[in-house]
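Notes to accompany the following structure.
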Amino acid sequence: MADKMDLSPHLTQLFINNTYVDCLNPQKISVYNPATGDLVSDQIPIAGPDDVDHAVQAAKNAFSPGSQWRKMSNVARGRILTRFADLLEENQDHLAYLTRLTLGAPYHPFGKSEIEMAIGCFRYYAGWVDKFAGQSFPADDGFYKIVRNEPLGVVAGITPWNGPLACVGFKAAPALAAGNVFILKPSEKTPLMAAELGKLVLEAGFPAGVFQVVTGDGSTGALLASHMKVDKVSFTGSIATGKTVQALAAKSNLKRCTLELGGKSPAVVFDDANLDNAVHWCVNGLTTNSGQVCIASSRVYVQEGIYEKFLAAYQKAFEAKRNVMGDPEATGTELGPVVDKAQYDRITKIIERAQSEEEGTLLIGGRPKSTKGYYIEPTMFVDTKPNAPIYKEEIFGPVVVVNKFKTEDEVLQKANDSRYGLMSGVFTENLNRALRISSAFDSGMVGVNCISMINFACPFGGTKESGLGRELGVNALLAYTESKTVLINMNYKDSSW
Ligand code: NAD
């Protein structure tokens, strides 16, 4: 039904070497609109070995010594990145629509915010292009020392479906700012916006082969992760796939690897917390994009003195969210469906099992919202069993577990007893406690009186099985470069060798 949706032909092509080309591999993927269940296209290409080789070779050529990209001045490279950010901004309505068609999240608040993240990333890293020069050290020992930050070469960005454009900003912007060339492999569930990006790549003035898009499923991702001519893979997705990607990277050419994986972020609310603020962050941190956010505040711990009050207010906020759930195209909708039937079936099964196995008490939600499309009401379980899957595992849907605690030590032990370590939040008016807890949390990021927040200038990523390495800030530039030390002998007559 691709023609029914009237998709432009380039949306079902690959973007290689600054040209939209037909995929050599004949296999296709189908994508559906989760708001209705209707087919959007059954013609999404799955890039196969020849297609991937084609893109990697074009990338290699674009990165070869003496190429236009390698010779380009910092000013010119920064200008292209800035132009690309401007183009994302100018085209944001259309890009958001293409994402929304198969993701289902409405423009407000999620669609807009993930595009703003991408725009912000390209602007932020455009500013870094001429400010990441490396270091030099004096010839105190007779050797003048230069440490250069050199680009790695061909970077593959493998992204998930839940923040398709934001992930492009997180990966492509620093990779390109550092002088690498970049191949995007978007999720098979949200490929349309990524395919559209080729047009903006051309308009921004990237030389051929510098920024390419190959759609496909896990098989395409695996080809890139194991390719001998890819120098780095930057992956965002599930823990299981992240581990596979790292193994493929190690088994092939030991390509560098950044992994951004799952989370089950704890929000800890103390008796002295500002109640309205805590409820505001906890509810939005869980319901944005229907909970399909890696830093969703999906595990809430509330101190016993404020527990009843918090629960009443939190439940009320859930009810309010339920009332703004619906068609992502309708004005006023804040919550859409989950991404597809597979995700819907997975989440509803988790909810049903939690009820039948008595993993906790279902307080609100738990039912499908509509007979058409893949809607799941915001759902809250309280008093969950310590080893229950609903409490331990990432659900990646609008489902939260809420539990009561007495002491700081007790809640820290519980919050850190997890395979995940992406983000944590503490809600308290006591600054000393906030600082104490934020250093005791075993997570890559901590919010004080907030949660589920990102800032371009600060490292983003997790501890434990939530990932490896960091994105954003100067950390991302370091992750897309290799340090090279150059020693210049200033006085070879006196050499002791
Ligand atoms: P996924 O692991 O199923 O897929 C992610 C990407 O990997 C897709 O592009 C997919 O095609 C590709 N892929 C699948 N198998 C592959 C293989 N064998 N080799 C190489 N690539 C392969 O994840 P998903 O369902 O798309 O995303 C949801 C998960 O992503 C959640 O766990 C979520 O927490 C996580 N996530 C993490 C962050 C973060 O920054 N930490 C951000 C967003 C999402």
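Simple scheme: letters A, B, ... for chains in structure tokens order, numbers from 1 for residues in each chain, numbers from 1 for ligands in the order shown.
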
Q: Apply DSSP to the structure's backbone, then extract all residues of region 160-248 of chain A labelled strand (DSSP E or B) and return them as a PyMOL selection string.
A: chain A and resi 181-185+211-213+232-236

Could you give me, as CSV, every chain A residue with an atom at most 8 Å from ligand 1, plus its closest atom pair and distance in Å to one decimal, counting only C-alpha atoms and all ligand atoms, rows ordered by chain then number?
```
residue,atom,partner,partner_atom_place_in_ligand_line,distance
A:Ile158,CA,ligand 1,9 (O),5.1
A:Thr159,CA,ligand 1,9 (O),4.6
A:Pro160,CA,ligand 1,26 (O),3.5
A:Trp161,CA,ligand 1,26 (O),4.8
A:Asn162,CA,ligand 1,43 (C),6.0
A:Gly163,CA,ligand 1,43 (C),6.3
A:Cys167,CA,ligand 1,42 (C),7.5
A:Lys185,CA,ligand 1,9 (O),6.0
A:Pro186,CA,ligand 1,9 (O),4.9
A:Ser187,CA,ligand 1,9 (O),3.5
A:Glu188,CA,ligand 1,11 (O),5.6
A:Lys189,CA,ligand 1,26 (O),7.6
A:Gly216,CA,ligand 1,11 (O),6.5
A:Asp217,CA,ligand 1,11 (O),4.0
A:Gly218,CA,ligand 1,15 (N),3.4
A:Ser219,CA,ligand 1,17 (C),6.0
A:Thr220,CA,ligand 1,21 (N),6.8
A:Gly221,CA,ligand 1,21 (N),3.4
A:Ala222,CA,ligand 1,19 (N),3.5
A:Leu223,CA,ligand 1,20 (C),7.2
A:Leu224,CA,ligand 1,20 (C),7.1
A:Ala225,CA,ligand 1,20 (C),5.9
A:Phe235,CA,ligand 1,7 (O),7.0
A:Thr236,CA,ligand 1,37 (C),5.2
A:Gly237,CA,ligand 1,30 (O),3.0
A:Ser238,CA,ligand 1,32 (O),3.6
A:Ile239,CA,ligand 1,32 (O),6.2
A:Ala240,CA,ligand 1,2 (O),6.6
A:Thr241,CA,ligand 1,2 (O),4.5
A:Gly242,CA,ligand 1,2 (O),6.4
A:Thr244,CA,ligand 1,18 (N),5.8
A:Val245,CA,ligand 1,19 (N),5.1
A:Leu248,CA,ligand 1,19 (N),7.7
A:Leu259,CA,ligand 1,41 (N),7.5
A:Glu260,CA,ligand 1,41 (N),3.7
A:Leu261,CA,ligand 1,41 (N),4.0
A:Gly262,CA,ligand 1,34 (O),3.1
A:Gly263,CA,ligand 1,34 (O),5.3
A:Gln292,CA,ligand 1,33 (C),7.2
A:Val293,CA,ligand 1,43 (C),5.9
A:Cys294,CA,ligand 1,34 (O),3.8
A:Ile295,CA,ligand 1,41 (N),7.2
A:Glu394,CA,ligand 1,32 (O),7.0
A:Phe396,CA,ligand 1,31 (C),6.4
A:Leu422,CA,ligand 1,41 (N),6.7
A:Phe460,CA,ligand 1,40 (O),7.4
A:Gly461,CA,ligand 1,41 (N),6.0
A:Gly462,CA,ligand 1,41 (N),6.8
A:Ser466,CA,ligand 1,41 (N),6.3
A:Gly467,CA,ligand 1,41 (N),6.6
```

Selection from above, N, CA and C atoms, as a compact mmCIF listing (two decimals), in the first residue's frame, can you write it?
```txt
# COMPACT_ATOMS: atom_id res chain seq x y z
N ILE A 158 24.25 2.78 14.36
CA ILE A 158 23.09 1.87 14.33
C ILE A 158 22.11 2.36 15.40
N THR A 159 20.90 2.71 14.98
CA THR A 159 20.02 3.43 15.90
C THR A 159 18.71 2.67 16.15
N PRO A 160 18.05 2.99 17.28
CA PRO A 160 16.78 2.36 17.61
C PRO A 160 15.62 3.17 17.04
N TRP A 161 14.42 2.70 17.27
CA TRP A 161 13.25 3.37 16.71
C TRP A 161 12.69 4.46 17.61
N ASN A 162 13.08 4.48 18.88
CA ASN A 162 12.32 5.31 19.81
C ASN A 162 12.67 6.80 19.79
N GLY A 163 13.88 7.15 19.32
CA GLY A 163 14.22 8.57 19.18
C GLY A 163 15.03 8.69 17.91
N CYS A 167 18.85 10.40 17.91
CA CYS A 167 20.01 9.50 17.84
C CYS A 167 20.94 9.87 16.70
N LYS A 185 22.45 3.55 9.94
CA LYS A 185 21.56 2.40 9.74
C LYS A 185 20.43 2.58 10.75
N PRO A 186 19.30 3.15 10.28
CA PRO A 186 18.19 3.39 11.22
C PRO A 186 17.46 2.10 11.55
N SER A 187 16.61 2.18 12.55
CA SER A 187 15.80 1.01 12.92
C SER A 187 14.84 0.67 11.78
N GLU A 188 14.59 -0.60 11.64
CA GLU A 188 13.64 -1.07 10.61
C GLU A 188 12.21 -0.62 10.91
N LYS A 189 11.98 -0.16 12.17
CA LYS A 189 10.61 0.25 12.51
C LYS A 189 10.35 1.72 12.17
N GLY A 216 17.55 -1.06 6.73
CA GLY A 216 17.61 -2.52 6.84
C GLY A 216 17.27 -2.95 8.25
N ASP A 217 17.34 -4.24 8.47
CA ASP A 217 17.03 -4.77 9.80
C ASP A 217 18.34 -5.16 10.51
N GLY A 218 18.24 -6.10 11.45
CA GLY A 218 19.43 -6.52 12.19
C GLY A 218 20.52 -7.08 11.28
N SER A 219 20.11 -7.68 10.17
CA SER A 219 21.13 -8.28 9.29
C SER A 219 22.02 -7.17 8.70
N THR A 220 21.43 -6.03 8.37
CA THR A 220 22.23 -4.91 7.85
C THR A 220 23.14 -4.36 8.95
N GLY A 221 22.58 -4.25 10.16
CA GLY A 221 23.39 -3.78 11.29
C GLY A 221 24.58 -4.70 11.52
N ALA A 222 24.32 -6.01 11.44
CA ALA A 222 25.40 -6.98 11.67
C ALA A 222 26.47 -6.87 10.59
N LEU A 223 26.06 -6.61 9.36
CA LEU A 223 27.06 -6.45 8.28
C LEU A 223 27.98 -5.28 8.59
N LEU A 224 27.40 -4.20 9.08
CA LEU A 224 28.22 -3.02 9.41
C LEU A 224 29.10 -3.28 10.62
N ALA A 225 28.52 -3.92 11.65
CA ALA A 225 29.28 -4.16 12.89
C ALA A 225 30.45 -5.11 12.65
N PHE A 235 26.40 2.31 18.66
CA PHE A 235 25.13 1.57 18.69
C PHE A 235 24.22 2.08 19.81
N THR A 236 22.96 2.25 19.52
CA THR A 236 21.96 2.48 20.56
C THR A 236 20.84 1.47 20.36
N GLY A 237 20.50 0.77 21.42
CA GLY A 237 19.43 -0.22 21.31
C GLY A 237 19.40 -1.09 22.56
N SER A 238 18.96 -2.31 22.40
CA SER A 238 18.77 -3.20 23.55
C SER A 238 20.11 -3.79 24.02
N ILE A 239 20.12 -4.27 25.24
CA ILE A 239 21.34 -4.86 25.80
C ILE A 239 21.76 -6.08 24.99
N ALA A 240 20.79 -6.93 24.66
CA ALA A 240 21.13 -8.17 23.95
C ALA A 240 21.81 -7.85 22.62
N THR A 241 21.23 -6.91 21.85
CA THR A 241 21.83 -6.59 20.56
C THR A 241 23.17 -5.88 20.76
N GLY A 242 23.24 -5.04 21.77
CA GLY A 242 24.51 -4.33 22.06
C GLY A 242 25.65 -5.31 22.30
N THR A 244 25.82 -8.36 21.13
CA THR A 244 26.14 -8.98 19.83
C THR A 244 27.01 -8.03 19.01
N VAL A 245 26.65 -6.77 19.00
CA VAL A 245 27.40 -5.79 18.20
C VAL A 245 28.85 -5.73 18.69
N LEU A 248 30.68 -8.78 17.49
CA LEU A 248 30.98 -8.69 16.05
C LEU A 248 32.14 -7.73 15.81
N LEU A 259 28.31 1.87 23.14
CA LEU A 259 27.02 1.20 23.31
C LEU A 259 26.13 2.01 24.26
N GLU A 260 24.96 2.39 23.76
CA GLU A 260 23.95 3.05 24.61
C GLU A 260 22.78 2.08 24.71
N LEU A 261 22.56 1.51 25.89
CA LEU A 261 21.61 0.40 25.99
C LEU A 261 20.43 0.74 26.92
N GLY A 262 19.83 -0.26 27.46
CA GLY A 262 18.57 -0.04 28.17
C GLY A 262 18.72 0.56 29.56
N GLY A 263 17.57 0.81 30.18
CA GLY A 263 17.57 1.38 31.53
C GLY A 263 16.32 1.00 32.30
N GLN A 292 8.56 4.76 26.07
CA GLN A 292 9.57 4.12 25.21
C GLN A 292 10.79 5.03 25.11
N VAL A 293 11.36 5.28 26.27
CA VAL A 293 12.51 6.17 26.40
C VAL A 293 13.50 5.45 27.31
N CYS A 294 14.78 5.44 26.92
CA CYS A 294 15.75 4.69 27.72
C CYS A 294 15.90 5.25 29.13
N ILE A 295 15.69 6.59 29.27
CA ILE A 295 15.86 7.19 30.60
C ILE A 295 14.51 7.44 31.28
N GLU A 394 13.56 -3.88 32.19
CA GLU A 394 13.08 -2.73 31.42
C GLU A 394 11.83 -3.16 30.63
N PHE A 396 9.97 -0.73 28.71
CA PHE A 396 9.99 0.12 27.52
C PHE A 396 8.56 0.38 27.04
N LEU A 422 21.64 3.61 33.91
CA LEU A 422 21.63 4.73 32.95
C LEU A 422 21.40 6.06 33.67
N PHE A 460 26.52 11.62 28.15
CA PHE A 460 25.28 10.87 28.23
C PHE A 460 25.61 9.39 28.07
N GLY A 461 25.21 8.57 29.03
CA GLY A 461 25.47 7.14 28.91
C GLY A 461 25.35 6.47 30.25
N GLY A 462 25.53 5.14 30.25
CA GLY A 462 25.25 4.41 31.47
C GLY A 462 26.39 3.56 31.98
N SER A 466 23.95 -0.89 31.09
CA SER A 466 23.29 0.18 30.33
C SER A 466 24.19 0.73 29.24
N GLY A 467 25.43 0.31 29.20
CA GLY A 467 26.22 0.77 28.07
C GLY A 467 27.70 0.81 28.31
```

Q) Can you list, as a ChimeraX atom specification, every protein, DNA or RNA residue that comes within 7 Å of Ile119 (chain A) when you count only C-alpha atoms, leaving out same-chain residues fewer than 3 positions away? A) /A:85,88-89,115-116,122-123,169

Save the residues we just selected, N, CA, C and O atoms, as an mmCIF file, in the first residue's frame?
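Heads up, here's the output in selection.cif:
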```cif
data_model
loop_
_atom_site.group_PDB
_atom_site.id
_atom_site.type_symbol
_atom_site.label_atom_id
_atom_site.label_comp_id
_atom_site.auth_asym_id
_atom_site.auth_seq_id
_atom_site.Cartn_x
_atom_site.Cartn_y
_atom_site.Cartn_z
ATOM 1 N N ALA A 85 21.956 21.649 10.393
ATOM 2 C CA ALA A 85 21.059 21.929 11.531
ATOM 3 C C ALA A 85 19.929 22.856 11.078
ATOM 4 O O ALA A 85 18.751 22.642 11.432
ATOM 5 N N LEU A 88 17.432 20.869 9.137
ATOM 6 C CA LEU A 88 16.583 20.056 10.019
ATOM 7 C C LEU A 88 15.461 20.931 10.589
ATOM 8 O O LEU A 88 14.296 20.510 10.663
ATOM 9 N N GLU A 89 15.840 22.139 10.961
ATOM 10 C CA GLU A 89 14.852 23.054 11.551
ATOM 11 C C GLU A 89 13.792 23.447 10.515
ATOM 12 O O GLU A 89 12.592 23.394 10.790
ATOM 13 N N ILE A 115 13.426 16.248 17.747
ATOM 14 C CA ILE A 115 14.006 16.973 16.614
ATOM 15 C C ILE A 115 14.882 18.112 17.136
ATOM 16 O O ILE A 115 15.972 18.360 16.639
ATOM 17 N N GLU A 116 14.391 18.780 18.174
ATOM 18 C CA GLU A 116 15.203 19.868 18.748
ATOM 19 C C GLU A 116 16.538 19.346 19.272
ATOM 20 O O GLU A 116 17.559 20.020 19.202
ATOM 21 N N PHE A 122 23.729 19.200 16.227
ATOM 22 C CA PHE A 122 24.506 19.651 15.065
ATOM 23 C C PHE A 122 25.055 21.059 15.302
ATOM 24 O O PHE A 122 26.190 21.348 14.931
ATOM 25 N N ARG A 123 24.271 21.921 15.966
ATOM 26 C CA ARG A 123 24.783 23.283 16.243
ATOM 27 C C ARG A 123 25.909 23.219 17.264
ATOM 28 O O ARG A 123 26.937 23.871 17.115
ATOM 29 N N GLY A 169 21.458 12.925 15.719
ATOM 30 C CA GLY A 169 22.204 14.065 16.270
ATOM 31 C C GLY A 169 23.300 13.608 17.221
ATOM 32 O O GLY A 169 24.444 14.065 17.145
#
```

Q) So how far away is CA of Ser290 (chain A) from CA of Gly397 (chain A), in Å? A)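 Here the two named atoms are 5.7 Å from each other.
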
Q: List every residue of region 267-481 of chain A that DSSP, applied to the backbone of this structure, assigns to helix (DSSP H, G or I), and report them as a count of residues only.
A: 83

Q: Tell me, in Å to one decimal, how far CA of Gln68 (chain A) is from CA of Ala126 (chain A).
A: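 Between these atoms lies a distance of 17.9 Å.
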
Q. If you measure from CA of Leu254 (chain A) to CA of Lys171 (chain A), what distance in Å do you get, rounded to one decimal?
A.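 Computing the Euclidean distance for CA of Leu254 (chain A) and CA of Lys171 (chain A) yields 19.3 Å.
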
Q | Contact residues around Lys406 (chain A) with only C-alpha atoms at 7 Å, ignoring same-chain residues under 3 positions, as a list in words | A |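 That gives Gln303, Glu304 and Glu410 of chain A.
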
Could the residues in this selection be saved with C-alpha atoms as an mmCIF file, in the first residue's frame?
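The resulting file, selection-v6.cif, is reproduced below:
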```cif
data_model
loop_
_atom_site.group_PDB
_atom_site.id
_atom_site.type_symbol
_atom_site.label_atom_id
_atom_site.label_comp_id
_atom_site.auth_asym_id
_atom_site.auth_seq_id
_atom_site.Cartn_x
_atom_site.Cartn_y
_atom_site.Cartn_z
ATOM 1 C CA GLN A 303 9.602 7.538 51.513
ATOM 2 C CA GLU A 304 6.897 6.367 53.897
ATOM 3 C CA GLU A 410 17.660 0.972 52.232
#
```

Q: Excluding Cys257 (chain A) and any residue of its chain fewer than 5 positions from it, enumerate the residues within 7 Å of it, using only C-alpha atoms, and give them as a ChimeraX atom specification.
A: /A:232-234,246

Just to be explicit: take each residue in the selection above, keep N, CA, C and O atoms, and write the result as a short mmCIF file (atom, residue, chain, number, x, y, z; two decimals), in the first residue's frame.
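Wrote part_39.cif, looks like this:
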```
data_model
loop_
_atom_site.label_atom_id
_atom_site.label_comp_id
_atom_site.auth_asym_id
_atom_site.auth_seq_id
_atom_site.Cartn_x
_atom_site.Cartn_y
_atom_site.Cartn_z
N LYS A 232 34.48 2.20 13.35
CA LYS A 232 33.80 2.36 14.64
C LYS A 232 32.32 2.08 14.45
O LYS A 232 31.74 2.43 13.42
N VAL A 233 31.72 1.49 15.46
CA VAL A 233 30.28 1.34 15.45
C VAL A 233 29.74 2.01 16.70
O VAL A 233 30.23 1.80 17.80
N SER A 234 28.79 2.89 16.48
CA SER A 234 28.14 3.56 17.59
C SER A 234 26.71 3.04 17.62
O SER A 234 25.93 3.29 16.70
N GLN A 246 29.02 -5.72 20.00
CA GLN A 246 30.39 -5.65 20.51
C GLN A 246 31.18 -6.90 20.14
O GLN A 246 32.37 -6.82 19.80
#
```

(Q) I'd like to know which of A:Val426, A:Lys229, A:Ile44, A:Asp86 is closest to Asn274 (chain A), using only C-alpha atoms. (A) A:Val426

Could you give me, as a Markdown table, every region 94-115 of chain A residue with an atom at most 10 Å from region 314-326 of chain A, plus its closest atom pair and distance in Å to one decimal, counting only C-alpha atoms, rows ordered by chain then number?
```
| residue | atom | partner | partner_atom | distance |
| --- | --- | --- | --- | --- |
| A:Gly104 | CA | A:Gly326 | CA | 9.7 |
| A:Ala105 | CA | A:Gly326 | CA | 9.8 |
| A:Pro106 | CA | A:Gly326 | CA | 9.0 |
```

Q.
Ranking A:Leu87, A:Val210, A:Cys121, A:Ile390 by minimum distance to Ala59 (chain A) and counting only C-alpha atoms, which one comes first?
A.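 Closest residue, counting only C-alpha atoms: A:Val210.
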
Q) Using only C-alpha atoms, which residue out of A:Gly127, A:Gly78, A:Pro191, A:Pro266 lies closest to Asp42 (chain A)? A)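 Under the stated criterion, the closest residue is A:Pro191.
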
Q | Selection near Ser252 (chain A), 9 Å with only C-alpha atoms, sequence-local residues under 6 positions removed, as a list in words | A |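 So, after excluding close chain neighbours, the residues are Ala225, Ser226, His227 and Met228 of chain A.
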
Q: Write out as number ranges by chain the residues lying within 9 Å of region 27-35 of chain A, counting only C-alpha atoms and excluding same-chain residues fewer than 4 positions away.
A: A: 23, 39-48, 100-104, 188-191, 216-217, 326-328, 336-341, 372-375
